[in-house]
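Source file: query27.txt; contents: compact mmCIF, N, CA and C atoms.
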# COMPACT_ATOMS: atom_id res chain seq x y z
N MET A 21 -12.83 39.98 -9.81
CA MET A 21 -13.48 40.58 -8.66
C MET A 21 -12.62 40.37 -7.42
N PRO A 22 -12.53 41.38 -6.58
CA PRO A 22 -11.75 41.22 -5.36
C PRO A 22 -12.40 40.19 -4.44
N THR A 23 -11.56 39.45 -3.74
CA THR A 23 -12.07 38.44 -2.81
C THR A 23 -12.28 39.03 -1.42
N PHE A 24 -11.52 40.04 -1.06
CA PHE A 24 -11.52 40.65 0.26
C PHE A 24 -11.02 39.70 1.34
N THR A 25 -10.60 38.49 0.95
CA THR A 25 -10.10 37.53 1.93
C THR A 25 -8.79 36.87 1.50
N ASP A 26 -8.45 36.94 0.23
CA ASP A 26 -7.25 36.28 -0.29
C ASP A 26 -6.28 37.33 -0.82
N PRO A 27 -5.29 37.72 0.01
CA PRO A 27 -4.39 38.80 -0.43
C PRO A 27 -3.58 38.44 -1.67
N VAL A 28 -3.26 37.18 -1.86
CA VAL A 28 -2.48 36.80 -3.05
C VAL A 28 -3.31 37.01 -4.31
N ALA A 29 -4.54 36.55 -4.31
CA ALA A 29 -5.42 36.71 -5.47
C ALA A 29 -5.73 38.19 -5.72
N ASP A 30 -5.98 38.93 -4.65
CA ASP A 30 -6.31 40.35 -4.82
C ASP A 30 -5.10 41.14 -5.30
N ALA A 31 -3.89 40.79 -4.85
CA ALA A 31 -2.68 41.46 -5.34
C ALA A 31 -2.46 41.17 -6.82
N GLU A 32 -2.74 39.95 -7.23
CA GLU A 32 -2.61 39.60 -8.65
C GLU A 32 -3.64 40.36 -9.48
N GLU A 33 -4.84 40.51 -8.97
CA GLU A 33 -5.86 41.27 -9.68
C GLU A 33 -5.46 42.75 -9.77
N LEU A 34 -4.86 43.28 -8.72
CA LEU A 34 -4.36 44.66 -8.74
C LEU A 34 -3.32 44.82 -9.83
N ARG A 35 -2.40 43.87 -9.91
CA ARG A 35 -1.35 43.93 -10.93
C ARG A 35 -1.95 43.97 -12.32
N GLU A 36 -2.92 43.12 -12.57
CA GLU A 36 -3.57 43.07 -13.88
C GLU A 36 -4.35 44.35 -14.17
N ALA A 37 -5.04 44.87 -13.15
CA ALA A 37 -5.83 46.10 -13.35
C ALA A 37 -4.92 47.28 -13.67
N VAL A 38 -3.80 47.40 -12.96
CA VAL A 38 -2.89 48.51 -13.20
C VAL A 38 -2.24 48.36 -14.58
N ARG A 39 -1.95 47.14 -14.95
CA ARG A 39 -1.40 46.90 -16.30
C ARG A 39 -2.43 47.31 -17.36
N GLY A 40 -3.68 46.97 -17.13
CA GLY A 40 -4.75 47.36 -18.06
C GLY A 40 -4.91 48.87 -18.14
N LEU A 41 -4.81 49.53 -16.98
CA LEU A 41 -4.91 50.99 -16.96
C LEU A 41 -3.75 51.63 -17.72
N ALA A 42 -2.56 51.09 -17.54
CA ALA A 42 -1.39 51.62 -18.27
C ALA A 42 -1.61 51.49 -19.77
N HIS A 43 -2.20 50.40 -20.19
CA HIS A 43 -2.48 50.21 -21.62
C HIS A 43 -3.58 51.17 -22.09
N ALA A 44 -4.64 51.29 -21.28
CA ALA A 44 -5.80 52.11 -21.68
C ALA A 44 -5.49 53.60 -21.73
N THR A 45 -4.52 54.05 -20.94
CA THR A 45 -4.23 55.48 -20.90
C THR A 45 -3.15 55.91 -21.88
N ARG A 46 -2.75 55.02 -22.76
CA ARG A 46 -1.76 55.40 -23.79
C ARG A 46 -2.33 56.46 -24.71
N SER A 47 -3.62 56.42 -24.93
CA SER A 47 -4.28 57.46 -25.71
C SER A 47 -5.63 57.74 -25.06
N ILE A 48 -5.94 59.01 -24.94
CA ILE A 48 -7.19 59.43 -24.31
C ILE A 48 -8.13 59.94 -25.40
N GLU A 49 -9.22 59.23 -25.62
CA GLU A 49 -10.19 59.61 -26.64
C GLU A 49 -11.17 60.66 -26.10
N ASN A 50 -11.49 60.54 -24.82
CA ASN A 50 -12.47 61.43 -24.22
C ASN A 50 -11.83 62.09 -23.00
N PRO A 51 -11.38 63.32 -23.14
CA PRO A 51 -10.68 63.98 -22.02
C PRO A 51 -11.56 64.20 -20.80
N THR A 52 -12.87 64.17 -20.98
CA THR A 52 -13.74 64.35 -19.82
C THR A 52 -13.68 63.14 -18.88
N SER A 53 -13.11 62.04 -19.35
CA SER A 53 -12.97 60.86 -18.49
C SER A 53 -11.79 60.99 -17.51
N LEU A 54 -10.90 61.98 -17.76
CA LEU A 54 -9.74 62.14 -16.89
C LEU A 54 -10.12 62.37 -15.44
N TYR A 55 -11.16 63.12 -15.19
CA TYR A 55 -11.58 63.40 -13.82
C TYR A 55 -11.91 62.10 -13.08
N ALA A 56 -12.70 61.25 -13.71
CA ALA A 56 -13.07 59.98 -13.07
C ALA A 56 -11.86 59.06 -12.91
N VAL A 57 -10.98 59.04 -13.89
CA VAL A 57 -9.79 58.19 -13.81
C VAL A 57 -8.89 58.65 -12.66
N LEU A 58 -8.66 59.95 -12.57
CA LEU A 58 -7.83 60.47 -11.48
C LEU A 58 -8.46 60.20 -10.12
N GLY A 59 -9.76 60.30 -10.01
CA GLY A 59 -10.44 60.00 -8.76
C GLY A 59 -10.25 58.55 -8.35
N SER A 60 -10.37 57.66 -9.31
CA SER A 60 -10.18 56.23 -9.02
C SER A 60 -8.74 55.92 -8.65
N ILE A 61 -7.80 56.52 -9.35
CA ILE A 61 -6.38 56.31 -9.04
C ILE A 61 -6.08 56.82 -7.64
N SER A 62 -6.60 57.97 -7.29
CA SER A 62 -6.38 58.53 -5.96
C SER A 62 -6.88 57.59 -4.88
N SER A 63 -8.07 57.08 -5.06
CA SER A 63 -8.65 56.14 -4.10
C SER A 63 -7.82 54.86 -4.01
N ALA A 64 -7.38 54.37 -5.15
CA ALA A 64 -6.57 53.15 -5.18
C ALA A 64 -5.24 53.35 -4.45
N LEU A 65 -4.64 54.53 -4.61
CA LEU A 65 -3.36 54.80 -3.94
C LEU A 65 -3.52 54.83 -2.43
N VAL A 66 -4.63 55.37 -1.95
CA VAL A 66 -4.89 55.39 -0.50
C VAL A 66 -4.99 53.95 0.01
N SER A 67 -5.70 53.10 -0.72
CA SER A 67 -5.83 51.70 -0.32
C SER A 67 -4.50 50.97 -0.39
N LEU A 68 -3.70 51.28 -1.41
CA LEU A 68 -2.38 50.64 -1.53
C LEU A 68 -1.49 51.05 -0.37
N SER A 69 -1.50 52.31 0.00
CA SER A 69 -0.72 52.78 1.14
C SER A 69 -1.15 52.04 2.41
N GLN A 70 -2.44 51.91 2.62
CA GLN A 70 -2.96 51.19 3.78
C GLN A 70 -2.49 49.74 3.77
N SER A 71 -2.55 49.10 2.61
CA SER A 71 -2.12 47.70 2.50
C SER A 71 -0.65 47.53 2.86
N LEU A 72 0.19 48.45 2.37
CA LEU A 72 1.62 48.36 2.68
C LEU A 72 1.88 48.57 4.17
N HIS A 73 1.17 49.50 4.78
CA HIS A 73 1.31 49.68 6.23
C HIS A 73 0.89 48.40 6.97
N GLN A 74 -0.18 47.78 6.53
CA GLN A 74 -0.65 46.55 7.18
C GLN A 74 0.35 45.42 7.02
N LEU A 75 0.97 45.32 5.85
CA LEU A 75 2.01 44.30 5.66
C LEU A 75 3.21 44.59 6.56
N GLY A 76 3.55 45.87 6.69
CA GLY A 76 4.64 46.24 7.59
C GLY A 76 4.31 45.92 9.04
N GLN A 77 3.05 46.16 9.43
CA GLN A 77 2.63 45.87 10.80
C GLN A 77 2.72 44.38 11.12
N PHE A 78 2.55 43.55 10.11
CA PHE A 78 2.70 42.11 10.31
C PHE A 78 4.09 41.81 10.87
N HIS A 79 5.09 42.50 10.32
CA HIS A 79 6.46 42.28 10.77
C HIS A 79 6.80 43.07 12.04
N ASP A 80 5.95 44.00 12.44
CA ASP A 80 6.17 44.74 13.68
C ASP A 80 5.79 43.92 14.91
N GLY A 81 4.91 42.96 14.72
CA GLY A 81 4.38 42.19 15.84
C GLY A 81 5.20 40.96 16.17
N PRO A 82 4.53 39.94 16.66
CA PRO A 82 5.20 38.72 17.11
C PRO A 82 5.98 37.99 16.01
N THR A 83 5.65 38.27 14.76
CA THR A 83 6.35 37.60 13.66
C THR A 83 7.84 37.89 13.71
N ARG A 84 8.19 39.10 14.09
CA ARG A 84 9.61 39.47 14.14
C ARG A 84 10.37 38.52 15.07
N LYS A 85 9.76 38.16 16.19
CA LYS A 85 10.43 37.28 17.15
C LYS A 85 10.52 35.85 16.65
N GLN A 86 9.64 35.49 15.71
CA GLN A 86 9.60 34.13 15.20
C GLN A 86 10.37 33.96 13.89
N ALA A 87 10.87 35.05 13.34
CA ALA A 87 11.54 34.98 12.04
C ALA A 87 12.91 34.32 12.18
N TRP A 88 13.21 33.47 11.23
CA TRP A 88 14.51 32.80 11.17
C TRP A 88 15.11 33.02 9.80
N MET A 89 16.40 33.07 9.74
CA MET A 89 17.09 33.24 8.47
C MET A 89 18.32 32.34 8.51
N ASN A 90 18.30 31.29 7.73
CA ASN A 90 19.40 30.32 7.72
C ASN A 90 19.70 29.81 9.12
N GLY A 91 18.64 29.57 9.90
CA GLY A 91 18.81 29.05 11.25
C GLY A 91 19.27 30.07 12.26
N ASP A 92 19.35 31.32 11.91
CA ASP A 92 19.83 32.38 12.80
C ASP A 92 18.67 33.30 13.18
N ALA A 93 18.26 33.24 14.44
CA ALA A 93 17.13 34.03 14.89
C ALA A 93 17.44 35.53 14.84
N HIS A 94 18.68 35.91 15.17
CA HIS A 94 19.06 37.33 15.13
C HIS A 94 18.97 37.88 13.71
N ALA A 95 19.47 37.12 12.75
CA ALA A 95 19.40 37.57 11.35
C ALA A 95 17.94 37.63 10.88
N GLY A 96 17.13 36.70 11.32
CA GLY A 96 15.72 36.69 10.95
C GLY A 96 14.99 37.91 11.50
N ARG A 97 15.25 38.25 12.76
CA ARG A 97 14.62 39.43 13.35
C ARG A 97 15.10 40.70 12.65
N ALA A 98 16.38 40.75 12.31
CA ALA A 98 16.92 41.92 11.61
C ALA A 98 16.28 42.06 10.23
N ALA A 99 16.13 40.96 9.53
CA ALA A 99 15.50 40.99 8.21
C ALA A 99 14.05 41.41 8.32
N SER A 100 13.34 40.92 9.32
CA SER A 100 11.95 41.28 9.53
C SER A 100 11.82 42.77 9.82
N TYR A 101 12.73 43.30 10.63
CA TYR A 101 12.74 44.73 10.94
C TYR A 101 12.97 45.56 9.67
N ARG A 102 13.94 45.15 8.86
CA ARG A 102 14.25 45.90 7.63
C ARG A 102 13.07 45.86 6.67
N GLU A 103 12.44 44.69 6.57
CA GLU A 103 11.28 44.57 5.68
C GLU A 103 10.14 45.48 6.15
N SER A 104 9.88 45.49 7.45
CA SER A 104 8.85 46.35 8.01
C SER A 104 9.16 47.82 7.70
N TRP A 105 10.41 48.20 7.93
CA TRP A 105 10.83 49.59 7.69
C TRP A 105 10.58 49.98 6.24
N GLU A 106 10.97 49.12 5.30
CA GLU A 106 10.80 49.44 3.87
C GLU A 106 9.33 49.51 3.48
N LEU A 107 8.51 48.62 4.04
CA LEU A 107 7.08 48.65 3.71
C LEU A 107 6.41 49.91 4.24
N HIS A 108 6.72 50.29 5.48
CA HIS A 108 6.15 51.53 6.02
C HIS A 108 6.65 52.74 5.24
N ARG A 109 7.91 52.71 4.87
CA ARG A 109 8.49 53.81 4.09
C ARG A 109 7.79 53.93 2.73
N ALA A 110 7.60 52.79 2.07
CA ALA A 110 6.91 52.80 0.77
C ALA A 110 5.47 53.30 0.93
N ALA A 111 4.81 52.90 2.01
CA ALA A 111 3.43 53.34 2.25
C ALA A 111 3.37 54.85 2.40
N GLU A 112 4.34 55.42 3.09
CA GLU A 112 4.37 56.88 3.25
C GLU A 112 4.66 57.59 1.93
N MET A 113 5.53 57.01 1.12
CA MET A 113 5.80 57.59 -0.20
C MET A 113 4.55 57.56 -1.07
N ILE A 114 3.83 56.46 -1.04
CA ILE A 114 2.61 56.36 -1.84
C ILE A 114 1.56 57.34 -1.32
N HIS A 115 1.55 57.56 -0.01
CA HIS A 115 0.64 58.57 0.56
C HIS A 115 0.95 59.94 -0.03
N GLN A 116 2.24 60.26 -0.18
CA GLN A 116 2.63 61.54 -0.79
C GLN A 116 2.21 61.59 -2.26
N VAL A 117 2.37 60.48 -2.97
CA VAL A 117 1.94 60.42 -4.37
C VAL A 117 0.42 60.62 -4.45
N ALA A 118 -0.31 60.00 -3.54
CA ALA A 118 -1.76 60.15 -3.52
C ALA A 118 -2.16 61.61 -3.33
N ASP A 119 -1.42 62.32 -2.48
CA ASP A 119 -1.69 63.76 -2.30
C ASP A 119 -1.50 64.52 -3.61
N CYS A 120 -0.46 64.20 -4.35
CA CYS A 120 -0.23 64.85 -5.65
C CYS A 120 -1.35 64.55 -6.63
N VAL A 121 -1.78 63.29 -6.68
CA VAL A 121 -2.87 62.91 -7.58
C VAL A 121 -4.16 63.61 -7.15
N ASP A 122 -4.38 63.73 -5.85
CA ASP A 122 -5.56 64.46 -5.36
C ASP A 122 -5.56 65.90 -5.86
N ARG A 123 -4.41 66.55 -5.79
CA ARG A 123 -4.32 67.93 -6.27
C ARG A 123 -4.59 68.00 -7.77
N ALA A 124 -4.03 67.06 -8.53
CA ALA A 124 -4.29 67.03 -9.98
C ALA A 124 -5.78 66.79 -10.25
N HIS A 125 -6.40 65.94 -9.45
CA HIS A 125 -7.82 65.65 -9.58
C HIS A 125 -8.65 66.92 -9.35
N GLU A 126 -8.28 67.68 -8.33
CA GLU A 126 -8.97 68.94 -8.06
C GLU A 126 -8.81 69.93 -9.21
N ILE A 127 -7.60 70.00 -9.75
CA ILE A 127 -7.35 70.92 -10.87
C ILE A 127 -8.12 70.49 -12.10
N GLU A 128 -8.16 69.17 -12.35
CA GLU A 128 -8.88 68.65 -13.52
C GLU A 128 -10.34 69.06 -13.48
N ALA A 129 -10.91 69.20 -12.29
CA ALA A 129 -12.31 69.60 -12.16
C ALA A 129 -12.55 71.00 -12.71
N THR A 130 -11.51 71.80 -12.85
CA THR A 130 -11.66 73.17 -13.34
C THR A 130 -11.37 73.30 -14.83
N VAL A 131 -10.94 72.23 -15.48
CA VAL A 131 -10.54 72.27 -16.88
C VAL A 131 -11.75 71.98 -17.77
N ALA A 132 -11.88 72.75 -18.85
CA ALA A 132 -12.92 72.52 -19.85
C ALA A 132 -12.25 72.17 -21.18
N TYR A 133 -12.91 71.35 -21.95
CA TYR A 133 -12.36 70.92 -23.24
C TYR A 133 -13.29 71.35 -24.36
N ASP A 134 -12.71 71.77 -25.49
CA ASP A 134 -13.48 72.15 -26.67
C ASP A 134 -13.83 70.89 -27.44
N ILE A 135 -15.12 70.60 -27.55
CA ILE A 135 -15.52 69.36 -28.21
C ILE A 135 -15.15 69.34 -29.69
N ASP A 136 -14.87 70.49 -30.29
CA ASP A 136 -14.46 70.51 -31.69
C ASP A 136 -13.10 69.83 -31.87
N ASP A 137 -12.31 69.80 -30.82
CA ASP A 137 -11.01 69.14 -30.89
C ASP A 137 -11.11 67.63 -30.74
N TYR A 138 -12.29 67.14 -30.34
CA TYR A 138 -12.49 65.71 -30.09
C TYR A 138 -13.74 65.26 -30.82
N PRO A 139 -13.58 64.74 -32.04
CA PRO A 139 -14.75 64.36 -32.85
C PRO A 139 -15.67 63.36 -32.15
N SER A 140 -15.11 62.52 -31.31
CA SER A 140 -15.94 61.53 -30.64
C SER A 140 -16.91 62.18 -29.64
N LEU A 141 -16.68 63.44 -29.28
CA LEU A 141 -17.56 64.14 -28.35
C LEU A 141 -18.58 65.03 -29.04
N ALA A 142 -18.48 65.14 -30.35
CA ALA A 142 -19.40 66.02 -31.10
C ALA A 142 -20.83 65.52 -30.95
N PRO A 143 -21.77 66.46 -30.88
CA PRO A 143 -23.17 66.05 -30.74
C PRO A 143 -23.63 65.24 -31.96
N VAL A 144 -24.50 64.31 -31.72
CA VAL A 144 -25.04 63.48 -32.78
C VAL A 144 -26.08 64.30 -33.55
N GLN A 145 -25.95 64.32 -34.88
CA GLN A 145 -26.89 65.07 -35.71
C GLN A 145 -28.15 64.22 -35.91
N ARG A 146 -29.28 64.80 -35.63
CA ARG A 146 -30.57 64.13 -35.77
C ARG A 146 -31.25 64.62 -37.05
N SER A 147 -31.96 63.75 -37.66
CA SER A 147 -32.72 64.10 -38.85
C SER A 147 -33.87 65.02 -38.44
N SER A 148 -34.05 66.12 -39.15
CA SER A 148 -35.12 67.07 -38.81
C SER A 148 -36.37 66.82 -39.66
N ARG A 149 -36.36 65.78 -40.46
CA ARG A 149 -37.50 65.51 -41.34
C ARG A 149 -38.72 65.04 -40.57
N GLN A 150 -38.52 64.35 -39.48
CA GLN A 150 -39.65 63.80 -38.74
C GLN A 150 -40.25 64.86 -37.83
N SER A 151 -41.55 64.98 -37.91
CA SER A 151 -42.22 65.92 -37.01
C SER A 151 -42.94 65.11 -35.94
N GLY A 152 -43.14 65.72 -34.82
CA GLY A 152 -43.83 65.03 -33.73
C GLY A 152 -42.89 64.18 -32.90
N MET A 153 -43.47 63.38 -32.07
CA MET A 153 -42.70 62.53 -31.15
C MET A 153 -42.36 61.21 -31.82
N SER A 154 -41.23 60.69 -31.47
CA SER A 154 -40.80 59.41 -31.99
C SER A 154 -40.93 58.37 -30.91
N LEU A 155 -41.39 57.21 -31.28
CA LEU A 155 -41.51 56.12 -30.33
C LEU A 155 -40.44 55.16 -30.55

Would you write the structure of this file as C-alpha cells?
Amino acid sequence: MPTFTDPVADAEELREAVRGLAHATRSIENPTSLYAVLGSISSALVSLSQSLHQLGQFHDGPTRKQAWMNGDAHAGRAASYRESWELHRAAEMIHQVADCVDRAHEIEATVAYDIDDYPSLAPVQRSSRQSGMSL
C-alpha cells in the first residue's frame, strides 16, 4: 500500500508493481481487460511525470546553492542543475508517452472481441433440467 509520505517506500512499491504488470501482461487471457489496464497505466504515467517534475523542482530551489561535490560548491551546483534538467526532461518525455497511451486507451474503447476466440469468455452453460427458481 502506498504510504503517501515515504517516497523511498512508495518508489520501491512502484518498481514492484510495474515488474508485476510486466509479468502479468506476457499473455492476455481476457482482452476486455485491456481497456482497464490502459486506463490505469495512463493514470500512473501522469503521476510519474508529476513526481519527476517535483524531484527536479527540489534541485531548482535552495538545494542547488547548498550542493557540494568533492568539496567544490561550483561543481555541486552544476551537478544539481544537470540533475534537475534531466528530471524535468524525463518528466516531459513521460508526459508524451502518457498522451500516446491515452490515445491507445481511447481506441481500445472502440474495439470488440469475438468471445469464440477466447474460451475463458464463453458463456457458462446452465442445466435446463430444473424448472422454477433456484435458491

Item to check | All alpha helix (DSSP H) residues (DSSP, backbone) inside chain A, as a VMD selection string | outcome: chain A and resid 27 to 44 54 to 80 83 to 86 93 to 128

Next on the checklist: Report as a list in words all protein, DNA and RNA residues lying within 9 Å of segment 52-61 of chain A, evaluated on only C-alpha atoms, omitting residues in the same chain fewer than 2 positions from it.
Outcome noted: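 Answer for this query is Ile48, Glu49, Asn50, Ser63, Ala64, Leu65, Val66, Ala118, Val121, Asp122, Ala124, His125, Glu126, Glu128, Ala129, Ala132 and Tyr133 of chain A.
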
Item to check | Å distance separating atom C of Arg102 of chain A from atom N of Gln77 of chain A, one decimal place | outcome: 10.4 Å

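Compared by their closest atoms to Leu34 of chain A, and using only N, CA and C atoms, the residues A:Glu106, A:Ala98, A:Pro22, A:Thr130 rank with A:Pro22 nearest.
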
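Each of A:Glu33, A:Asp26, A:Ser62, A:Arg46 was checked against Val117 of chain A using only C-alpha atoms; the smallest atom-to-atom distance is that of A:Ser62.
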
If you take every atom of segment 104-110 of chain A that the file lists and fit an axis-aligned box around them with 3 Å extra on each side, what centre and edge lengths come out in Å to one decimal, as AutoDock Vina command-line options?
--center_x 8.2 --center_y 49.7 --center_z 4.4 --size_x 11.5 --size_y 14.4 --size_z 13.2

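From atom N of Phe78 of chain A back to atom N of Ala93 of chain A, the distance works out to 19.3 Å.
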
Item to check | Length of the atom CA of Arg109 of chain A to atom C of Gly40 of chain A vector [Å] | outcome: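 Atom C of Gly40 of chain A lies at a distance of 26.4 Å from atom CA of Arg109 of chain A.
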